[in-house]
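**Student:** This one is work28.cif, mmCIF, C-alpha atoms.
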data_structure
#
loop_
_atom_site.group_PDB
_atom_site.id
_atom_site.type_symbol
_atom_site.label_atom_id
_atom_site.label_comp_id
_atom_site.auth_asym_id
_atom_site.auth_seq_id
_atom_site.Cartn_x
_atom_site.Cartn_y
_atom_site.Cartn_z
ATOM 1 C CA MET A 6 0.000 0.000 0.000
ATOM 2 C CA ARG A 7 2.804 2.433 0.880
ATOM 3 C CA ARG A 8 4.479 1.740 -2.453
ATOM 4 C CA ASP A 9 1.257 2.516 -4.337
ATOM 5 C CA LEU A 10 0.865 5.763 -2.333
ATOM 6 C CA ALA A 11 4.431 6.836 -3.144
ATOM 7 C CA ILE A 12 3.937 6.132 -6.850
ATOM 8 C CA GLY A 13 0.675 8.146 -6.776
ATOM 9 C CA VAL A 14 2.380 11.134 -5.088
ATOM 10 C CA VAL A 15 5.177 11.127 -7.675
ATOM 11 C CA ALA A 16 2.646 10.923 -10.524
ATOM 12 C CA VAL A 17 0.590 13.827 -9.142
ATOM 13 C CA ALA A 18 3.734 15.912 -8.616
ATOM 14 C CA SER A 19 4.839 15.244 -12.195
ATOM 15 C CA VAL A 20 1.452 16.290 -13.583
ATOM 16 C CA LEU A 21 1.390 19.448 -11.450
ATOM 17 C CA GLY A 22 4.946 20.304 -12.494
ATOM 18 C CA ALA A 23 4.027 19.964 -16.153
ATOM 19 C CA CYS A 24 1.126 22.383 -15.636
ATOM 20 C CA GLN A 25 3.329 25.204 -14.296
ATOM 21 C CA PRO A 26 2.808 28.449 -16.198
ATOM 22 C CA GLU A 27 5.547 29.221 -18.691
ATOM 23 C CA LYS A 28 6.721 32.637 -19.792
ATOM 24 C CA GLN A 29 5.820 33.419 -23.408
ATOM 25 C CA GLY A 30 5.795 29.739 -24.345
ATOM 26 C CA LEU A 31 9.578 29.418 -24.205
ATOM 27 C CA GLY A 32 9.420 26.256 -22.148
ATOM 28 C CA LYS A 33 11.212 27.744 -19.130
ATOM 29 C CA PRO A 34 9.604 28.399 -15.773
ATOM 30 C CA ARG A 35 9.212 32.095 -14.898
ATOM 31 C CA ASP A 36 11.878 31.963 -12.201
ATOM 32 C CA ALA A 37 14.546 30.875 -14.682
ATOM 33 C CA GLU A 38 13.774 33.857 -16.990
ATOM 34 C CA GLN A 39 13.930 36.639 -14.402
ATOM 35 C CA ALA A 40 17.099 38.690 -14.535
ATOM 36 C CA THR A 41 18.729 39.728 -11.305
ATOM 37 C CA VAL A 42 19.620 43.394 -11.390
ATOM 38 C CA VAL A 43 21.405 44.705 -8.345
ATOM 39 C CA THR A 44 21.077 48.423 -7.939
ATOM 40 C CA THR A 45 22.927 50.243 -5.230
ATOM 41 C CA PRO A 46 21.668 53.635 -4.139
ATOM 42 C CA PHE A 47 24.236 56.367 -4.577
ATOM 43 C CA ASP A 48 25.975 57.477 -1.386
ATOM 44 C CA GLY A 49 27.851 60.733 -1.921
ATOM 45 C CA ALA A 50 29.511 60.459 1.494
ATOM 46 C CA ASN A 51 31.274 57.254 0.370
ATOM 47 C CA ALA A 52 32.369 57.840 -3.207
ATOM 48 C CA THR A 53 35.344 58.898 -5.318
ATOM 49 C CA TYR A 54 35.501 62.276 -7.069
ATOM 50 C CA THR A 55 37.976 64.062 -9.300
ATOM 51 C CA ILE A 56 39.019 67.442 -7.925
ATOM 52 C CA ASN A 57 41.542 69.444 -9.937
ATOM 53 C CA GLY A 58 42.514 66.299 -11.841
ATOM 54 C CA LYS A 59 43.163 64.190 -8.724
ATOM 55 C CA PRO A 60 40.940 61.403 -7.374
ATOM 56 C CA VAL A 61 39.602 61.925 -3.854
ATOM 57 C CA THR A 62 37.811 59.089 -2.043
ATOM 58 C CA LEU A 63 35.479 60.042 0.781
ATOM 59 C CA VAL A 64 34.755 57.610 3.590
ATOM 60 C CA LYS A 65 31.884 58.567 5.897
ATOM 61 C CA GLY A 66 31.876 61.984 4.255
ATOM 62 C CA VAL A 67 35.546 62.906 4.779
ATOM 63 C CA ALA A 68 38.928 62.458 3.096
ATOM 64 C CA GLU A 69 42.239 63.714 4.465
ATOM 65 C CA MET A 70 45.340 63.791 2.296
ATOM 66 C CA THR A 71 48.799 65.167 2.965
ATOM 67 C CA SER A 72 50.781 66.941 0.267
ATOM 68 C CA GLU A 73 53.985 65.317 -1.023
ATOM 69 C CA ASN A 74 56.431 67.934 0.214
ATOM 70 C CA SER A 75 54.427 69.444 3.049
ATOM 71 C CA ALA A 76 52.894 68.630 6.402
ATOM 72 C CA MET A 77 49.680 70.417 5.360
ATOM 73 C CA VAL A 78 46.567 68.265 5.307
ATOM 74 C CA THR A 79 43.859 68.770 2.683
ATOM 75 C CA THR A 80 40.416 67.880 4.036
ATOM 76 C CA THR A 81 37.526 67.216 1.667
ATOM 77 C CA ARG A 82 33.964 66.932 3.008
ATOM 78 C CA TYR A 83 30.645 65.858 1.583
ATOM 79 C CA MET A 84 28.176 68.651 2.332
ATOM 80 C CA GLY A 85 25.056 67.143 0.832
ATOM 81 C CA GLN A 86 22.156 69.427 -0.002
ATOM 82 C CA GLU A 87 21.392 66.978 -2.811
ATOM 83 C CA ALA A 88 19.051 67.708 -5.680
ATOM 84 C CA ILE A 89 17.610 64.884 -7.767
ATOM 85 C CA GLY A 90 16.505 65.068 -11.403
ATOM 86 C CA ASP A 91 17.396 64.138 -14.977
ATOM 87 C CA LEU A 92 20.612 65.836 -16.102
ATOM 88 C CA ASP A 93 21.379 63.882 -19.263
ATOM 89 C CA GLY A 94 17.927 63.409 -20.796
ATOM 90 C CA ASP A 95 17.717 59.631 -20.335
ATOM 91 C CA GLY A 96 14.755 59.725 -17.933
ATOM 92 C CA GLN A 97 16.760 58.447 -14.948
ATOM 93 C CA ALA A 98 17.224 60.255 -11.636
ATOM 94 C CA ASP A 99 20.660 61.839 -11.411
ATOM 95 C CA ARG A 100 21.990 63.683 -8.343
ATOM 96 C CA VAL A 101 23.990 66.827 -7.629
ATOM 97 C CA PHE A 102 25.490 67.910 -4.314
ATOM 98 C CA TRP A 103 28.070 70.127 -2.629
ATOM 99 C CA ILE A 104 31.543 69.154 -1.458
ATOM 100 C CA ALA A 105 34.051 71.443 0.271
ATOM 101 C CA GLN A 106 37.818 71.301 0.347
ATOM 102 C CA ASP A 107 40.142 72.979 2.848
ATOM 103 C CA ALA A 108 43.836 72.789 1.969
ATOM 104 C CA GLY A 109 44.982 74.155 5.316
ATOM 105 C CA GLY A 110 45.210 77.761 4.164
ATOM 106 C CA SER A 111 42.763 80.569 4.769
ATOM 107 C CA GLY A 112 40.169 79.486 2.195
ATOM 108 C CA THR A 113 37.562 76.790 1.846
ATOM 109 C CA PHE A 114 36.758 75.890 -1.746
ATOM 110 C CA TYR A 115 33.220 74.789 -2.622
ATOM 111 C CA TYR A 116 32.453 72.459 -5.513
ATOM 112 C CA VAL A 117 29.372 70.912 -7.098
ATOM 113 C CA VAL A 118 29.510 67.291 -8.274
ATOM 114 C CA ALA A 119 26.954 65.318 -10.280
ATOM 115 C CA ALA A 120 26.319 61.585 -10.053
ATOM 116 C CA ILE A 121 24.866 60.310 -13.329
ATOM 117 C CA GLN A 122 22.770 57.137 -13.238
ATOM 118 C CA LYS A 123 23.700 54.578 -15.903
ATOM 119 C CA ASN A 124 23.079 50.825 -16.154
ATOM 120 C CA GLY A 125 21.809 50.505 -12.585
ATOM 121 C CA GLY A 126 24.742 52.392 -11.029
ATOM 122 C CA TYR A 127 26.200 55.880 -10.827
ATOM 123 C CA SER A 128 29.300 57.579 -12.158
ATOM 124 C CA THR A 129 30.487 60.892 -10.788
ATOM 125 C CA THR A 130 31.505 63.907 -12.811
ATOM 126 C CA ASN A 131 34.386 66.237 -12.167
ATOM 127 C CA ALA A 132 34.038 68.577 -9.201
ATOM 128 C CA PHE A 133 33.101 72.019 -10.556
ATOM 129 C CA LEU A 134 34.610 74.889 -8.532
ATOM 130 C CA VAL A 135 31.931 77.392 -7.510
ATOM 131 C CA GLY A 136 34.115 79.570 -5.317
ATOM 132 C CA ASP A 137 36.354 80.239 -2.321
ATOM 133 C CA ARG A 138 34.753 81.193 0.990
ATOM 134 C CA ILE A 139 31.274 81.486 -0.487
ATOM 135 C CA ALA A 140 28.041 80.555 1.297
ATOM 136 C CA PRO A 141 26.374 77.576 -0.453
ATOM 137 C CA GLU A 142 22.583 77.853 -0.426
ATOM 138 C CA SER A 143 20.847 75.291 -2.615
ATOM 139 C CA LEU A 144 20.926 73.194 -5.772
ATOM 140 C CA GLU A 145 18.093 72.548 -8.187
ATOM 141 C CA ILE A 146 17.955 70.356 -11.294
ATOM 142 C CA ARG A 147 15.730 71.840 -13.972
ATOM 143 C CA GLY A 148 14.570 68.745 -15.811
ATOM 144 C CA ASP A 149 13.120 70.631 -18.777
ATOM 145 C CA ALA A 150 16.565 72.080 -19.552
ATOM 146 C CA HIS A 151 18.685 69.275 -17.989
ATOM 147 C CA GLU A 152 20.716 71.821 -16.066
ATOM 148 C CA VAL A 153 21.717 72.546 -12.480
ATOM 149 C CA HIS A 154 20.905 75.879 -10.851
ATOM 150 C CA VAL A 155 23.490 76.526 -8.136
ATOM 151 C CA LEU A 156 22.396 79.190 -5.643
ATOM 152 C CA TYR A 157 24.996 80.699 -3.331
ATOM 153 C CA ALA A 158 26.088 83.956 -1.733
ATOM 154 C CA ASP A 159 29.366 85.653 -2.598
ATOM 155 C CA ARG A 160 31.065 88.929 -1.804
ATOM 156 C CA LYS A 161 30.238 92.030 -3.811
ATOM 157 C CA PRO A 162 32.845 93.181 -6.347
ATOM 158 C CA GLY A 163 35.731 94.891 -4.590
ATOM 159 C CA GLU A 164 34.942 93.500 -1.122
ATOM 160 C CA PRO A 165 37.837 91.807 0.711
ATOM 161 C CA MET A 166 37.838 88.037 1.186
ATOM 162 C CA ILE A 167 37.243 88.462 4.934
ATOM 163 C CA THR A 168 33.830 90.053 4.243
ATOM 164 C CA ARG A 169 30.888 87.747 4.870
ATOM 165 C CA PRO A 170 29.204 86.726 1.552
ATOM 166 C CA SER A 171 25.973 88.689 1.114
ATOM 167 C CA GLU A 172 25.227 88.914 -2.598
ATOM 168 C CA GLY A 173 22.998 86.148 -4.009
ATOM 169 C CA LYS A 174 24.211 84.504 -7.197
ATOM 170 C CA VAL A 175 23.062 81.754 -9.549
ATOM 171 C CA LEU A 176 25.429 79.554 -11.533
ATOM 172 C CA LEU A 177 24.097 77.314 -14.315
ATOM 173 C CA LEU A 178 25.837 73.963 -14.911
ATOM 174 C CA LYS A 179 25.272 71.189 -17.409
ATOM 175 C CA VAL A 180 26.758 67.726 -18.007
ATOM 176 C CA ASN A 181 28.211 67.474 -21.525
ATOM 177 C CA ARG A 182 28.269 64.349 -23.712
ATOM 178 C CA ASP A 183 31.611 63.296 -22.208
ATOM 179 C CA GLY A 184 30.206 63.348 -18.662
ATOM 180 C CA VAL A 185 31.953 66.589 -17.698
ATOM 181 C CA LEU A 186 30.148 69.120 -15.522
ATOM 182 C CA GLU A 187 30.643 72.561 -17.052
ATOM 183 C CA GLY A 188 29.359 76.128 -16.687
ATOM 184 C CA LEU A 189 26.817 77.608 -19.062
ATOM 185 C CA MET A 190 26.992 81.028 -20.606
ATOM 186 C CA LYS A 191 23.650 82.801 -20.099
#
Translate this structure into structure tokens?

**Tutor:**
Amino acid sequence: MRRDLAIGVVAVASVLGACQPEKQGLGKPRDAEQATVVTTPFDGANATYTINGKPVTLVKGVAEMTSENSAMVTTTRYMGQEAIGDLDGDGQADRVFWIAQDAGGSGTFYYVVAAIQKNGGYSTTNAFLVGDRIAPESLEIRGDAHEVHVLYADRKPGEPMITRPSEGKVLLLKVNRDGVLEGLMK
């Protein structure tokens, strides 16, 4: 009796297995056809950027590098204030954000970087220098024009560098076909 029951269970399982839905009649079960795409969200605080032609890798939002012939330490920080939108016209969400770099002197240099989404991942652009000792305000991606509007405060013409930035400015940036972030003339 047990042998007959085992044969019956195997027969039922075989029939049920043959009745499994197939994807587009290709003869393969749905699970075998599904591609596994791993997408990692972009984390600007843990990424590598190119600043003045040199790669800088941030870990937990900070990178410290010493100069070759000096004891001075250059500190680069992720500042955030991210904006999300389509910069290259492919319909995918790209990101822009601020980073700051202090080379140990009197100035702090502020840059904007873009992270362009491609093939389930991101690649970063060059760091575009906005200014020295400015006051970063906000970033906005205008999807209709695929450009970044960088809002910040700077000193008025003729004011010394020690003067607190008070004049509002807007810088327009765009990513070119080669993936370079560049200023627009408007």

**Student:** Return as number ranges by chain the set of residues that the PyMOL selection byres ((chain A and resi 103) around 7) yields on the displayed structure.

**Tutor:** A: 83-86, 102, 104-105, 115-118

**Student:** Residues of stretch 38-109 of chain A that have any atom at most 6 Å from an atom of stretch 133-151 of chain A: could you tabulate them with the shortest-distance atom pair and the distance in Å to one decimal, using only C-alpha atoms, ordered by chain and increasing number, as a tab-separated table?

**Tutor:**
residue	atom	partner	partner_atom	distance
A:Ala88	CA	A:Glu145	CA	5.5
A:Gly90	CA	A:Ile146	CA	5.5
A:Asp91	CA	A:Gly148	CA	5.5
A:Leu92	CA	A:His151	CA	4.4

**Student:** With all atoms listed in the file as the counted atoms, please give the residues lying no more than 7 Å from stretch 176-188 of chain A, apart from itself and same-chain residues fewer than 5 positions off, as a list in words.

**Tutor:**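 Everything that qualifies: Leu92, Asp93, Thr130, Asn131, Phe133, His151, Glu152, Val153, His154, Val155 and Leu156 of chain A.
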
**Student:** Using all atoms listed in the file, which of A:Lys123, A:Ser72, A:Lys65, A:Ile56 sits nearest A:Asp95?

**Tutor:**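 The shortest atom-to-atom distance to A:Asp95 comes from A:Lys123.
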
**Student:** Could you check how far atom CA of A:Val64 sits from atom CA of A:Ala158, in Å to one decimal?

**Tutor:** 28.2 Å

**Student:** Pull out every residue that the PyMOL selection byres ((chain A and resi 54) around 10) matches in the shown coordinates and put them as a PyMOL selection string.

**Tutor:** chain A and resi 49+51-53+55-63+104+118-120+128-132

**Student:** Suppose you want the space between atom CA of A:Gly66 and atom CA of A:Asn124; what is it in Å?

**Tutor:**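 So the two atoms, atom CA of A:Gly66 and atom CA of A:Asn124, lie 24.9 Å apart.
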
**Student:** Between atom CA of A:Tyr127 and atom CA of A:Gln106, what is the spacing in Å?

**Tutor:**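 These atoms are spaced 22.3 Å apart.
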
**Student:** Exactly which residues make up the result of the PyMOL selection byres ((chain A and resi 71) around 12) on this file, given as a PyMOL selection string?

**Tutor:** chain A and resi 61+68-70+72-81+107-109

**Student:** Write out as JSON an axis-aligned box for stretch 138-147 of chain A: all of its atoms listed in the file, 8 Å added on each side, centre and edge lengths in Å with one decimal.

**Tutor:**
{"center_x": 25.2, "center_y": 75.9, "center_z": -6.3, "size_x": 35.0, "size_y": 27.1, "size_z": 31.3}
